[in-house]
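**Q** I'm passing along input35.csv; it holds CSV, C-alpha atoms.
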```csv
chain,number,residue,atom,x,y,z
A,27,MET,CA,-52.9,-67.3,1.0
A,28,ALA,CA,-49.4,-65.8,1.0
A,29,THR,CA,-47.9,-69.3,1.7
A,30,ASN,CA,-49.7,-70.7,-1.4
A,31,ASP,CA,-50.8,-73.5,0.9
A,32,PHE,CA,-54.5,-73.3,-0.1
A,33,GLN,CA,-55.4,-76.3,2.1
A,34,ALA,CA,-54.2,-74.4,5.1
A,35,ALA,CA,-56.0,-71.2,3.9
A,36,SER,CA,-59.2,-73.1,3.6
A,37,LEU,CA,-59.3,-73.6,7.3
A,38,CYS,CA,-60.3,-69.9,7.6
A,39,LEU,CA,-63.5,-70.9,5.9
A,40,THR,CA,-66.7,-72.4,7.3
A,41,GLU,CA,-67.4,-76.0,6.2
A,42,ASP,CA,-70.4,-74.8,4.2
A,43,PHE,CA,-68.4,-71.9,2.6
A,44,ARG,CA,-69.5,-70.5,-0.7
A,45,LEU,CA,-67.6,-68.4,-3.2
A,46,GLN,CA,-69.5,-66.6,-5.9
A,47,TRP,CA,-67.9,-65.3,-9.1
A,48,PRO,CA,-70.7,-63.3,-10.7
A,49,GLN,CA,-68.8,-62.4,-13.8
A,50,SER,CA,-68.5,-66.1,-14.9
A,51,GLU,CA,-71.7,-67.2,-13.0
A,52,GLU,CA,-69.7,-69.8,-11.0
A,53,MET,CA,-69.9,-70.8,-7.4
A,54,ILE,CA,-67.4,-72.8,-5.4
A,55,GLU,CA,-69.0,-74.7,-2.5
A,56,GLY,CA,-67.0,-76.0,0.4
A,57,ARG,CA,-63.5,-75.7,1.8
A,58,GLU,CA,-62.2,-78.6,-0.3
A,59,ASN,CA,-63.3,-77.2,-3.6
A,60,PHE,CA,-61.8,-73.8,-2.6
A,61,ALA,CA,-58.4,-75.4,-1.9
A,62,ALA,CA,-58.6,-77.6,-5.1
A,63,VAL,CA,-59.4,-74.7,-7.4
A,64,ASN,CA,-56.6,-72.5,-6.0
A,65,THR,CA,-54.1,-75.3,-6.1
A,66,ALA,CA,-54.9,-76.2,-9.7
A,67,TYR,CA,-54.8,-72.6,-10.9
A,68,PRO,CA,-52.3,-72.5,-13.9
A,69,ALA,CA,-49.9,-70.0,-12.3
A,70,ASN,CA,-46.4,-69.2,-13.6
A,71,GLY,CA,-44.9,-69.6,-10.1
A,72,LEU,CA,-45.9,-68.8,-6.6
A,73,CYS,CA,-48.7,-66.2,-6.2
A,74,THR,CA,-48.2,-63.1,-4.2
A,75,PHE,CA,-51.0,-61.3,-2.5
A,76,ASP,CA,-50.9,-57.5,-1.7
A,77,LEU,CA,-53.8,-56.5,0.6
A,78,ARG,CA,-54.4,-52.9,-0.6
A,79,ARG,CA,-57.5,-52.1,1.4
A,80,ILE,CA,-59.8,-53.7,3.9
A,81,VAL,CA,-63.0,-52.2,5.3
A,82,GLY,CA,-65.7,-53.7,7.4
A,83,GLU,CA,-68.7,-53.4,9.6
A,84,GLY,CA,-70.2,-56.2,11.7
A,85,ASP,CA,-70.0,-59.4,9.8
A,86,GLN,CA,-69.4,-57.7,6.4
A,87,ILE,CA,-65.8,-57.1,5.1
A,88,VAL,CA,-64.6,-55.8,1.8
A,89,THR,CA,-61.1,-56.3,0.5
A,90,GLU,CA,-59.1,-55.1,-2.5
A,91,VAL,CA,-56.1,-57.4,-3.2
A,92,GLY,CA,-53.5,-57.3,-5.8
A,93,ILE,CA,-52.4,-60.8,-7.0
A,94,SER,CA,-49.4,-61.8,-9.2
A,95,ASP,CA,-47.6,-64.9,-10.2
A,96,GLY,CA,-44.7,-62.9,-11.6
A,97,GLU,CA,-46.2,-62.6,-15.1
A,98,MET,CA,-50.0,-62.1,-14.5
A,99,ARG,CA,-51.2,-59.2,-12.4
A,100,ALA,CA,-54.7,-58.8,-11.3
A,101,THR,CA,-57.0,-57.2,-8.7
A,102,ALA,CA,-59.7,-58.9,-6.8
A,103,ILE,CA,-62.5,-57.1,-5.0
A,104,THR,CA,-64.1,-59.4,-2.5
A,105,PHE,CA,-67.2,-59.0,-0.3
A,106,HIS,CA,-66.9,-61.3,2.7
A,107,THR,CA,-69.6,-62.5,5.1
A,108,VAL,CA,-68.0,-63.7,8.4
A,109,ARG,CA,-69.6,-66.2,10.8
A,110,GLY,CA,-67.8,-66.3,14.1
A,111,ASP,CA,-64.1,-66.3,13.2
A,112,LEU,CA,-64.5,-67.9,9.8
A,113,ILE,CA,-65.5,-66.7,6.3
A,114,ALA,CA,-68.9,-68.2,5.3
A,115,LEU,CA,-69.4,-66.4,1.9
A,116,GLN,CA,-67.3,-64.5,-0.6
A,117,ARG,CA,-68.6,-62.6,-3.6
A,118,GLU,CA,-65.6,-61.8,-5.7
A,119,PHE,CA,-65.0,-59.6,-8.7
A,120,TRP,CA,-61.9,-59.7,-10.9
A,121,PRO,CA,-62.0,-56.5,-13.0
A,122,ASP,CA,-60.0,-56.5,-16.2
A,123,PRO,CA,-57.4,-53.8,-16.6
A,124,PHE,CA,-57.8,-51.6,-19.7
A,125,GLU,CA,-55.8,-48.9,-21.5
A,126,ALA,CA,-57.0,-45.4,-20.5
A,127,PRO,CA,-58.7,-43.6,-23.4
A,128,ALA,CA,-56.7,-40.8,-25.0
A,129,TRP,CA,-59.6,-38.4,-25.1
A,130,ARG,CA,-59.4,-37.7,-21.3
A,131,ARG,CA,-55.6,-37.4,-21.1
A,132,GLN,CA,-55.8,-33.6,-20.5
A,133,TRP,CA,-57.8,-34.1,-17.2
A,134,VAL,CA,-56.1,-37.1,-15.6
A,135,ARG,CA,-52.7,-38.1,-14.2
A,136,ARG,CA,-51.1,-41.5,-14.7
A,137,PRO,CA,-48.3,-43.2,-12.8
A,138,GLY,CA,-45.0,-41.6,-14.0
A,139,ASP,CA,-46.5,-38.3,-14.9
```
Render the structure in this file as structure tokens.

**A**
Amino acid sequence: MATNDFQAASLCLTEDFRLQWPQSEEMIEGRENFAAVNTAYPANGLCTFDLRRIVGEGDQIVTEVGISDGEMRATAITFHTVRGDLIALQREFWPDPFEAPAWRRQWVRRPGD
């Protein structure tokens, strides 16, 4: 993914790969569609990927990845099911950032505090 060569990245997926986006109720089926969606993404430049966390057990892996195109910054939480050495299924969540409510300021710390 870091190379932004999504066709090459799709080779890490099974031929019958599925990617579920529960928030928008969409599913991408197949390597080719995965590569096409990522290639067509309206980015403001090359995307960077920061793997913040990876945990797993057996054929189940969960990742937290920071993504940016230089202007947009997002976090993806992805649940992966692996078959052999390839990813067969991903269930991915893209939580929206939000401003912290002022009412809890006395109990929390923010970057820069």

**Q** Can you pull out every residue within 8 Å of stretch 49-57 of chain A, counting all atoms listed in the file, but drop anything in the same chain fewer than 3 positions away, and send it as JSON, numbers by chain?

**A** {"A": [36, 37, 39, 40, 41, 42, 43, 44, 45, 46, 60, 61, 119, 120]}

**Q** Taking only C-alpha atoms into account, name the residue in A:Pro127, A:Pro48, A:Gly138, A:Pro121 that is nearest to A:Thr101.

**A**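 For A:Thr101, the nearest of the candidates is A:Pro121.
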
**Q** For a cutoff of 9 Å around the file-coordinate point (-48.8, -62.5, -10.4), which residues qualify once you count all atoms listed in the file? I'd like the result as a PyMOL selection string.

**A** chain A and resi 69-75+92-100

**Q** Please report the interatomic distance between atom CA of A:Gln86 and atom CA of A:Thr107 in Å with one decimal.

**A** 5.0 Å

**Q** Nearest to A:Val63: which of A:Glu83, A:Asp76, A:Gln33, A:Cys38 is it, counting only C-alpha atoms?

**A** A:Gln33

**Q** Would you mind listing what lies within 6 Å of A:His106 as a ChimeraX atom specification, with only C-alpha atoms counted and same-chain residues fewer than 6 positions away left out?

**A** /A:86-87,115-116
